[in-house]
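Trainee: This is the structure I want to talk about, given as structure tokens.
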Amino acid sequence: MDKHSLVIIGGGPAGMAAAIEAKKSGVDDIVIFERDTQLGGILNQCIHNGFGLHTFKEELTGPEYAGRFIEQTKSLGINFETGSMVLSVSEDKIITVVSRDKGLRQVRADAVILAMGCRERPRGALNIPGMRPQGIYTAGTAQKMVNCEGWVPGKEVVILGSGDIGLIMARRMTLEGAHVKVVAELMPYSGGLKRNIVQCLDDYNIPLKLSHTVVDIKGKRRLEGVTIAQVDKTGAVVKGTEEYYPCDTLLLSCGLIPENELSVGAGVTINPMTNGPVVDDTLQTNVEGVYACGNVLHVHDLVDFVSEESGRAGKSAAWYIKNGGKRENESRNVSVTAGSGVRYTVPSVIDAANMSDFIHIRFRVRDVYKSSEIRVTSGDSELFKKKKKIMVPSEMEDILIKKELLDNVGGITVEITGGGV
Amino acid sequence: MDSRIYDAAVIGAGVIGCAAARELKRYELDVVVLERESDVCEGTSKANSAIIHAGFDAVPGTMKARFNVEGNKMMDEVSKELDIPFKRNGAMVVCWQESEMPKLQTLFERGIANGVEGMKLLTSDQAHKLEPALSKDVYAALYAPTSGIVCPFEMTIAYAENACTNGAEFKFGAEVKAIEKRGELFAVRTSDGEFLAKTVINAAGVYSDDVHAMIDKPDFSVQARKGEYMLLDKSAGEMVKNTIFQVPTEMGKGVLVSPTVHGNLIVGPTAADIDDKEDISTTREGLDTVKTVSALSVSGVPYNKVITSFSGLRATGSTGDFIIRDCGGFIDAAGIESPGLSSAPAIAKYITHLVCMRLSPKENKSFEPTRRGIPKLSQLGFEERAKLIEQRPDYGQIVCRCEQISEGEIIDSIRRPLGAKTLDGVKRRVRAGMGRCQAGFCSPRVIELLSKELGIPLWEVKKNG
């Protein structure tokens with residue numbers, strides 16, 4: 001059985017950033033397994049611009065952003081195998097991988113970084129009633145067809161869900177000559193970034209109907225139309241608000257699910273709020289030497305955050321490989337709890353005795369909050385406070401906590417206070 | 001017009017039509033199967049509970065009782081010959097109070113009379129011990145170990161493939177419009193030409209009354225009765241080991257909770273009589289009913305793990321029993337509702353018997369009953385899988401990541417006899433797109449493979465039909 005210091009599962013932005021930092025930290029024997037035919041992950045189909053403002057201080061397209069990491073991966077001499085699908089990872093870090101070129105084999109790793117990304121929530125998981133004709137796609141699938149395969153799956157389009165890919169596809173389909181009639185969103189707020197609402201819907205006069213959902217689908221072979229209706233605060237359909245939209249295409253942008261089937265197989269504990277692994281401040285899961293980063297950990301809005309986070313996972317894994325898992329000081333764990341108004345935090349625990357000078361805590365809020373404060377508390381004492389004009393569930397929050405703040409505490413809570421919904 | 005004279009024209013390529021075609025080929029008979037869709041298994045056969053019932057449900061002496069028990073007993077051999085997955089996982093019928101015990105007792109006695117083996121009546125404790133996920137409220141259960149689970153797509157497709165390789169012809173896109181008696185023959189006019197046959201097998205599912213009406217005023221009718229289902233992710237597939245039924249009501253067998261033979265969990269069906277025989281839509285009310293009613297027998301079904309929902313139409317005959325008979329060479333196989341899938345092997349044998357009575361054919365000495373399925377790479381052991389990939393590297397290229405289906409398997413599904421022509425055709429043959437992402441990732445790649453293999457542009461590749 002082949003042995004590698006570090007096996008990275010997934011060659012998208014997360015996997016490459018992790019590999020690059022691990023290599024720079026002195027790990028030579030790295031291999032990235034990528035199931036697609038090339039590195040870059042989902043960025044390869046995101047041909048719009050807006051990537052890299054934080055990382056490169058310029059606006060790049062998805063393939064350009066990926067391209068910069070692919071270049072570095074190659075110039076650093078990092079091994080990667082495309083067309084290689086990891087089938088399982090065991091708790092003792094034996095990876096079963098299959099490819100056309102090398103067949104089925106197993107490799108052993110000292111450390112593993114999980115960077116498999118996420119998948120879109122399909123129609124079936126949304127339980128939308130109606131027929132099951134051709135013409136219903138997740139927004140990302142349609143994006144792949146249009147941008148990579150070169151064909152447009154329909155002409156008269158309704159979009160359910162205002163996630164970023166849905167918004168981007170509203171514009172993309174319009175530019176390709178399709179007529180996007182409406183974007184319906186179940187929640188009373190958008191699921192995507194504000195800038196995408198403006199640039200992809202408003203600029204093209206595409207209406208966004210908040211608190212609306214699809215309640216029926218018509219068409220035996222090809223989609224003929226959908227019925228959209230308003231929902232109340234409990235999510236129940238408001239009778240009498242049903243409106244029929246003839247269309248041949250329904251795109252779904254109703255959430256992303258971290259793809260953690262391999263992680264579960266390796267014994268990794270999953271946080272039910274994120275559907276991603278529970279990790280500590282080094283991005284290590286409960287399985288020693290197994291790290292997670294990028295969208296497999298929690299779904300991000302900005303790839304810049306993915307790259308930064310994954311770089312840290314790469315450094316952590318490098319450190320683990322060099323030190324055999326032994327930390328410098330005796331561990332002192334500080335738990336991080338999602339308090340009022342906060343859905344989850346990453347990480348869930350910080351080793352205060354061994355942490356770097358500061359730590360990113362990333363989280364999402366549960367609702368729209370205006371003129372509110374992010375507070376970090378421990379018991380009755382407030383450790384940190386930051387004012388925010390607006391916070392929305394669709395935009396990930398990021399705070400930096402200094403090491404000295406955690407000197408004498410056993411656990412901290414991140415919460416939202418003040419202001420109004 | 002096809003000037004050939006067939007011995008048998010089978011109308012409908014569902015499980016009954018395909019099984020009948022295959023059994024007919026055990027004799028020296030020219031068989032043609034006429035199907036309006038572009039593939040087999042496009043009607044009721046594709047959307048049902050996927051259960052091989054034990055046979056305690058039907059009233060003794062009925063065709064349902066006879067063919068169910070006989071069909072169930074044949075399944076071990078059929079699954080082996082046709083290389084299809086089949087598992088006797090057992091079934092339980094649960095009730096909630098003492099006053100319902102007579103219903104269980106009746107089923108038990110029917111089972112004995114029908115020849116069902118190994119049944120037991122279980123107390124609440126015994127039932128919960130076997131199935132810890134049963135609702136606390138379950139009072140008692142009837143247990144039948146011979147009940148099984150099967151893949152209805154693979155079963156139908158395998159019957160069709162085996163019929164085809166043994167010489168049965170399949171005409172797709174051939175919707176039967178009229179049937180005329182011409183001398184001793186039947187002239188079957190379809191949307192794709194006319195076919196002459198000595199006998200006609202009416203296996204037209206929910207349309208079998210309409211097809212019968214083409215030769216004679218039917219003395220029965222077929223009501224489409226819709227059943228809605230939800231299918232859950234494989235991570236929920238081990239909630240129960242047995243198929244859990246509820247004591248039957250007027251409208252059917254209630255809602256069942258069962259593992260599928262592929263390891264998912266299936267919950268359903270509802271029962272609603274509908275007028276439109278094409279209406280396979282799901283409804284909010286129906287899916288809500290499935291959730292509520294299933295909770296009576298099994299607690300804690302994780303409905304956040306639903307990967308798809310669907311509905312199917314039962315062909316419910318007005319006589320209450322299957323209608324299988326020879327009307328002067330026009331052979332009805334009508335009203336084949338549940339337990340139709342379970343009965344299919346036995347019904348096919350009986351139809352063949354009716355044809356043989358009429359035509360007295362010779363035995364087909366070259367009949368080959370065995371079919372080799374497409375290898376299921378993800379289910380093989382490491383060594384065996386590695387070896388196969390060495391021989392066929394495209395078995396190592398994963399296309400459907402959720403179900404781990406390779407490019408090689410997908411290509412096989414297209415190139416086989418009666419191969420797949422659509423995304424759904426591929427899905428039913430090798431399960432690409434059947435997993436938790438519901439074809440989100442693999443469909444562009446499967447479309448590409450279909451486009452290449454069939455020589456059509458990407459945008460002409462269809463989901464179904």
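Going by the structure tokens order, chains are called A, B, ..., each with residues numbered from 1, while ligands are numbered from 1 in the order shown.
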Could the residues of chain A within 8 Å of chain B, counting only C-alpha atoms, be given as an MDAnalysis selection string, please?
Mentor: chainID A and resid 35 83:85 87 98:101 103:105 119:125 127:134 137:138 140:141 144:145 149 151 153 215:216 220:221
Trainee: Just to be explicit: take each residue in the selection above, keep N, CA and C atoms, and write the result as a tab-separated table (two decimals), in the first residue's frame.
Mentor:
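That gives us again03.tsv:
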chain	number	residue	atom	x	y	z
A	35	ARG	N	-12.06	14.36	-8.23
A	35	ARG	CA	-12.91	13.46	-9.01
A	35	ARG	C	-13.18	13.98	-10.42
A	83	GLY	N	-9.70	12.82	-12.05
A	83	GLY	CA	-10.48	11.63	-12.42
A	83	GLY	C	-10.41	10.58	-11.33
A	84	SER	N	-10.07	11.00	-10.13
A	84	SER	CA	-9.86	10.06	-9.03
A	84	SER	C	-10.90	10.29	-7.95
A	85	MET	N	-11.73	9.30	-7.75
A	85	MET	CA	-12.84	9.41	-6.80
A	85	MET	C	-12.49	8.64	-5.54
A	87	LEU	N	-13.52	6.67	-2.49
A	87	LEU	CA	-14.73	5.91	-2.18
A	87	LEU	C	-14.95	5.79	-0.68
A	98	VAL	N	-10.50	5.33	-6.60
A	98	VAL	CA	-10.63	4.64	-7.89
A	98	VAL	C	-10.47	5.65	-9.02
A	99	SER	N	-9.81	5.21	-10.09
A	99	SER	CA	-9.68	6.06	-11.27
A	99	SER	C	-9.53	5.16	-12.48
A	100	ARG	N	-9.76	5.77	-13.63
A	100	ARG	CA	-9.62	5.03	-14.88
A	100	ARG	C	-8.17	4.59	-15.09
A	101	ASP	N	-7.23	5.49	-14.79
A	101	ASP	CA	-5.83	5.22	-15.07
A	101	ASP	C	-5.19	4.24	-14.10
A	103	GLY	N	-6.91	2.44	-11.61
A	103	GLY	CA	-7.78	1.40	-11.09
A	103	GLY	C	-8.16	1.65	-9.64
A	104	LEU	N	-8.45	0.56	-8.95
A	104	LEU	CA	-8.90	0.65	-7.56
A	104	LEU	C	-7.71	0.38	-6.64
A	105	ARG	N	-7.47	1.26	-5.69
A	105	ARG	CA	-6.34	1.02	-4.78
A	105	ARG	C	-6.58	1.71	-3.44
A	119	ARG	N	-23.10	19.99	-2.11
A	119	ARG	CA	-24.00	19.74	-3.24
A	119	ARG	C	-25.25	20.58	-3.06
A	120	GLU	N	-26.02	20.71	-4.12
A	120	GLU	CA	-27.24	21.50	-4.05
A	120	GLU	C	-28.40	20.65	-3.55
A	121	ARG	N	-29.31	21.29	-2.83
A	121	ARG	CA	-30.49	20.57	-2.37
A	121	ARG	C	-31.41	20.32	-3.55
A	122	PRO	N	-31.71	19.05	-3.86
A	122	PRO	CA	-32.52	18.76	-5.04
A	122	PRO	C	-34.02	18.91	-4.79
A	123	ARG	N	-34.78	18.86	-5.86
A	123	ARG	CA	-36.23	19.00	-5.74
A	123	ARG	C	-36.82	18.00	-4.76
A	124	GLY	N	-36.35	16.76	-4.84
A	124	GLY	CA	-36.90	15.71	-3.99
A	124	GLY	C	-36.80	16.06	-2.52
A	125	ALA	N	-35.67	16.67	-2.13
A	125	ALA	CA	-35.47	16.99	-0.72
A	125	ALA	C	-36.34	18.18	-0.31
A	127	ASN	N	-39.45	18.43	-1.38
A	127	ASN	CA	-40.81	17.92	-1.35
A	127	ASN	C	-41.81	18.84	-2.05
A	128	ILE	N	-41.42	19.40	-3.17
A	128	ILE	CA	-42.36	20.22	-3.95
A	128	ILE	C	-43.33	19.27	-4.64
A	129	PRO	N	-44.63	19.44	-4.42
A	129	PRO	CA	-45.56	18.52	-5.07
A	129	PRO	C	-45.69	18.80	-6.56
A	130	GLY	N	-46.31	17.85	-7.27
A	130	GLY	CA	-46.55	18.03	-8.70
A	130	GLY	C	-45.99	16.91	-9.53
A	131	MET	N	-45.91	17.15	-10.84
A	131	MET	CA	-45.39	16.16	-11.77
A	131	MET	C	-43.86	16.21	-11.76
A	132	ARG	N	-43.24	15.24	-12.46
A	132	ARG	CA	-41.77	15.19	-12.49
A	132	ARG	C	-41.26	15.21	-13.92
A	133	PRO	N	-41.53	16.29	-14.64
A	133	PRO	CA	-41.13	16.33	-16.05
A	133	PRO	C	-39.68	16.77	-16.24
A	134	GLN	N	-39.24	16.73	-17.49
A	134	GLN	CA	-37.94	17.30	-17.85
A	134	GLN	C	-38.03	18.82	-17.73
A	137	TYR	N	-34.07	21.72	-12.91
A	137	TYR	CA	-32.65	21.53	-12.61
A	137	TYR	C	-32.26	22.35	-11.40
A	138	THR	N	-31.27	21.88	-10.67
A	138	THR	CA	-30.68	22.77	-9.69
A	138	THR	C	-29.89	23.83	-10.48
A	140	GLY	N	-27.00	25.06	-10.17
A	140	GLY	CA	-25.62	24.71	-10.49
A	140	GLY	C	-25.52	23.75	-11.66
A	141	THR	N	-26.48	22.82	-11.74
A	141	THR	CA	-26.49	21.89	-12.88
A	141	THR	C	-26.72	22.68	-14.17
A	144	LYS	N	-23.64	24.52	-15.17
A	144	LYS	CA	-22.67	23.65	-15.83
A	144	LYS	C	-23.05	23.47	-17.30
A	145	MET	N	-24.34	23.24	-17.56
A	145	MET	CA	-24.79	23.03	-18.94
A	145	MET	C	-24.50	24.27	-19.80
A	149	GLU	N	-20.91	23.11	-20.96
A	149	GLU	CA	-21.30	22.22	-22.04
A	149	GLU	C	-21.80	23.00	-23.26
A	151	TRP	N	-24.82	24.67	-23.86
A	151	TRP	CA	-26.22	24.67	-24.32
A	151	TRP	C	-27.12	25.14	-23.21
A	153	PRO	N	-30.62	25.09	-21.20
A	153	PRO	CA	-31.66	24.08	-21.02
A	153	PRO	C	-33.10	24.57	-21.18
A	215	VAL	N	-45.91	25.63	-5.47
A	215	VAL	CA	-46.84	24.70	-4.83
A	215	VAL	C	-47.35	23.63	-5.80
A	216	ASP	N	-47.08	23.79	-7.09
A	216	ASP	CA	-47.48	22.73	-8.03
A	216	ASP	C	-46.63	22.83	-9.30
A	220	LYS	N	-46.16	16.52	-18.30
A	220	LYS	CA	-45.84	15.10	-18.17
A	220	LYS	C	-44.41	14.83	-18.62
A	221	ARG	N	-44.10	15.23	-19.85
A	221	ARG	CA	-42.74	14.99	-20.33
A	221	ARG	C	-41.87	16.22	-20.11
Trainee: Need the shell around Phe108 of chain B: protein/DNA/RNA residues with any atom at most 12 Å away, counting only C-alpha atoms. Skip same-chain ones fewer than 4 positions apart. Format as a PyMOL selection string?
Mentor: chain B and resi 54-60+92-93+101-104+112-122+141-144+247
Trainee: Residues of segment 312-461 of chain B in helix (DSSP H, G or I) according to DSSP, as number ranges by chain?
Mentor: B: 340-359, 377-379, 382-391, 393-396, 407-415, 423-430, 443-454, 458-460
Trainee: Taking 2 positions as the minimum chain separation for residues in the same chain, which residues sit within 12 Å of Trp319 of chain A when counting only C-alpha atoms? Answer as a list in words.
Mentor: Ser5, Leu6, Glu21, Ala22, Lys23, Lys24, Ser25, Gly26, Val27, Asp110, Ala111, Thr282, Gln284, Gly289, Tyr291, Arg312, Ala313, Gly314, Lys315, Ser316, Ala317, Ile321, Lys322, Asn323, Gly324, Gly325, Lys326, Arg327 and Glu328 of chain A
Trainee: Neighbours of segment 247-249 of chain A within 12 Å (only C-alpha atoms; same-chain residues fewer than 5 positions away dropped), as a ChimeraX atom specification?
Mentor: /A:132-139,142,152-160,170,173,178-182,217-228
Trainee: So that each row is one residue of segment 45-158 of chain B with an atom at most 9 Å from segment 339-343 of chain B, can you give its shortest atom pair and the distance in Å to one decimal, using only C-alpha atoms, rows by chain and rising number, as a tab-separated table?
Mentor:
residue	atom	partner	partner_atom	distance
B:Ser45	CA	B:Leu341	CA	7.4
B:Asn48	CA	B:Leu341	CA	8.7
B:Ala50	CA	B:Leu341	CA	7.6
B:Ile51	CA	B:Ser342	CA	7.0
B:Ile52	CA	B:Ser342	CA	4.5
B:His53	CA	B:Ser342	CA	5.9
B:Ala54	CA	B:Ser342	CA	8.3
B:Gly55	CA	B:Pro339	CA	8.1
B:Asp57	CA	B:Pro339	CA	8.9
B:Ala58	CA	B:Pro339	CA	8.6
B:Lys64	CA	B:Pro339	CA	6.8
B:Ala65	CA	B:Pro339	CA	8.7
B:Arg66	CA	B:Ser343	CA	8.4
B:Phe67	CA	B:Ser343	CA	4.9
B:Asn68	CA	B:Ser343	CA	4.4
B:Val69	CA	B:Ser343	CA	7.4
B:Glu70	CA	B:Ser343	CA	7.1
B:Gly71	CA	B:Ser343	CA	4.6
B:Asn72	CA	B:Ser342	CA	5.9
B:Met75	CA	B:Ser342	CA	8.3
B:Pro152	CA	B:Leu341	CA	7.5
Trainee: Quick one: everything within 12 Å of Val206 of chain B, counting only C-alpha atoms, minus sequence neighbours fewer than 3 positions away in the same chain. Send it as a PyMOL selection string.
Mentor: chain B and resi 12+14+43-45+202-203+209-212+221-226+273-279+312-318+333-337
Trainee: Would you mind listing what lies within 9 Å of Ser294 of chain B as a PyMOL selection string, with only C-alpha atoms counted and same-chain residues fewer than 6 positions away left out?
Mentor: chain B and resi 246+254-257+267-268+301
Trainee: Go ahead and save the residues from that selection, with N, CA and C atoms, as an mmCIF file, in the first residue's frame.
Mentor:
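Output (result-v4.cif):
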data_model
loop_
_atom_site.group_PDB
_atom_site.id
_atom_site.type_symbol
_atom_site.label_atom_id
_atom_site.label_comp_id
_atom_site.auth_asym_id
_atom_site.auth_seq_id
_atom_site.Cartn_x
_atom_site.Cartn_y
_atom_site.Cartn_z
ATOM 1 N N GLN B 246 -49.648 -1.852 7.882
ATOM 2 C CA GLN B 246 -50.674 -1.605 8.899
ATOM 3 C C GLN B 246 -51.883 -2.459 8.549
ATOM 4 N N GLY B 254 -52.904 0.400 3.470
ATOM 5 C CA GLY B 254 -52.388 1.420 4.375
ATOM 6 C C GLY B 254 -51.013 1.877 3.946
ATOM 7 N N VAL B 255 -50.323 2.566 4.827
ATOM 8 C CA VAL B 255 -49.005 3.086 4.504
ATOM 9 C C VAL B 255 -47.953 2.124 5.042
ATOM 10 N N LEU B 256 -47.009 1.768 4.200
ATOM 11 C CA LEU B 256 -45.959 0.871 4.651
ATOM 12 C C LEU B 256 -44.658 1.646 4.829
ATOM 13 N N VAL B 257 -43.808 1.076 5.650
ATOM 14 C CA VAL B 257 -42.447 1.591 5.808
ATOM 15 C C VAL B 257 -41.541 0.405 5.545
ATOM 16 N N VAL B 267 -41.497 4.946 2.026
ATOM 17 C CA VAL B 267 -42.676 5.148 2.858
ATOM 18 C C VAL B 267 -43.843 5.540 1.951
ATOM 19 N N GLY B 268 -44.974 4.883 2.108
ATOM 20 C CA GLY B 268 -46.155 5.154 1.297
ATOM 21 C C GLY B 268 -46.945 3.868 1.143
ATOM 22 N N VAL B 301 -39.292 8.407 11.740
ATOM 23 C CA VAL B 301 -38.772 8.373 10.365
ATOM 24 C C VAL B 301 -38.185 9.760 10.072
#
Trainee: Could you give me, as a ChimeraX atom specification, the residues within 10 Å of Gly379 of chain A, counting only C-alpha atoms and dropping anything in the same chain fewer than 3 positions from it?
Mentor: /A:376,382-383,409-413
Trainee: Would you put the residues from that selection into a file with C-alpha atoms, as a short mmCIF file (atom, residue, chain, number, x, y, z; two decimals), in the first residue's frame?
Mentor:
data_model
loop_
_atom_site.label_atom_id
_atom_site.label_comp_id
_atom_site.auth_asym_id
_atom_site.auth_seq_id
_atom_site.Cartn_x
_atom_site.Cartn_y
_atom_site.Cartn_z
CA VAL A 376 -18.84 37.42 22.91
CA GLU A 382 -18.45 40.54 28.10
CA LEU A 383 -15.18 39.80 26.29
CA VAL A 409 -12.34 31.41 30.59
CA GLY A 410 -13.73 27.91 30.20
CA GLY A 411 -16.20 28.68 27.47
CA ILE A 412 -17.49 31.57 25.38
CA THR A 413 -20.81 32.34 23.75
#
Trainee: Hey, what does DSSP flag as strand (DSSP E) within segment 293-463 of chain B? Can you give it to me as a PyMOL selection string?
Mentor: chain B and resi 306-317+323-327+330-334+398-400+405-406
Trainee: So that I have them on file, write out the residues from the current selection with C-alpha atoms, as a PDB file, in the first residue's frame.
Mentor:
ATOM      1  CA  VAL B 306     -36.222  12.461   1.896  1.00  0.00           C
ATOM      2  CA  ILE B 307     -34.398  12.419  -1.439  1.00  0.00           C
ATOM      3  CA  THR B 308     -37.411  12.191  -3.713  1.00  0.00           C
ATOM      4  CA  SER B 309     -41.150  11.695  -3.759  1.00  0.00           C
ATOM      5  CA  PHE B 310     -43.239  10.149  -6.516  1.00  0.00           C
ATOM      6  CA  SER B 311     -46.604   8.669  -7.235  1.00  0.00           C
ATOM      7  CA  GLY B 312     -47.805   5.653  -9.161  1.00  0.00           C
ATOM      8  CA  LEU B 313     -51.170   4.449 -10.391  1.00  0.00           C
ATOM      9  CA  ARG B 314     -52.682   1.140  -9.374  1.00  0.00           C
ATOM     10  CA  ALA B 315     -54.840  -0.514 -12.029  1.00  0.00           C
ATOM     11  CA  THR B 316     -57.753  -1.389  -9.771  1.00  0.00           C
ATOM     12  CA  GLY B 317     -60.221  -3.689 -11.498  1.00  0.00           C
ATOM     13  CA  ILE B 323     -58.958 -10.410 -14.614  1.00  0.00           C
ATOM     14  CA  ILE B 324     -56.911 -12.974 -16.481  1.00  0.00           C
ATOM     15  CA  ARG B 325     -58.742 -15.020 -19.100  1.00  0.00           C
ATOM     16  CA  ASP B 326     -58.856 -16.036 -22.733  1.00  0.00           C
ATOM     17  CA  CYS B 327     -61.628 -14.276 -24.674  1.00  0.00           C
ATOM     18  CA  PHE B 330     -57.693 -12.098 -26.837  1.00  0.00           C
ATOM     19  CA  ILE B 331     -56.153 -12.716 -23.455  1.00  0.00           C
ATOM     20  CA  ASP B 332     -56.824 -10.220 -20.701  1.00  0.00           C
ATOM     21  CA  ALA B 333     -54.309  -9.523 -17.974  1.00  0.00           C
ATOM     22  CA  ALA B 334     -56.334  -6.679 -16.544  1.00  0.00           C
ATOM     23  CA  ILE B 398     -17.069   7.376 -11.422  1.00  0.00           C
ATOM     24  CA  VAL B 399     -19.844   9.458 -12.954  1.00  0.00           C
ATOM     25  CA  CYS B 400     -22.619   9.269 -10.352  1.00  0.00           C
ATOM     26  CA  ILE B 405     -21.808   4.423 -10.679  1.00  0.00           C
ATOM     27  CA  SER B 406     -19.042   4.315 -13.279  1.00  0.00           C
TER      28      SER B 406
END
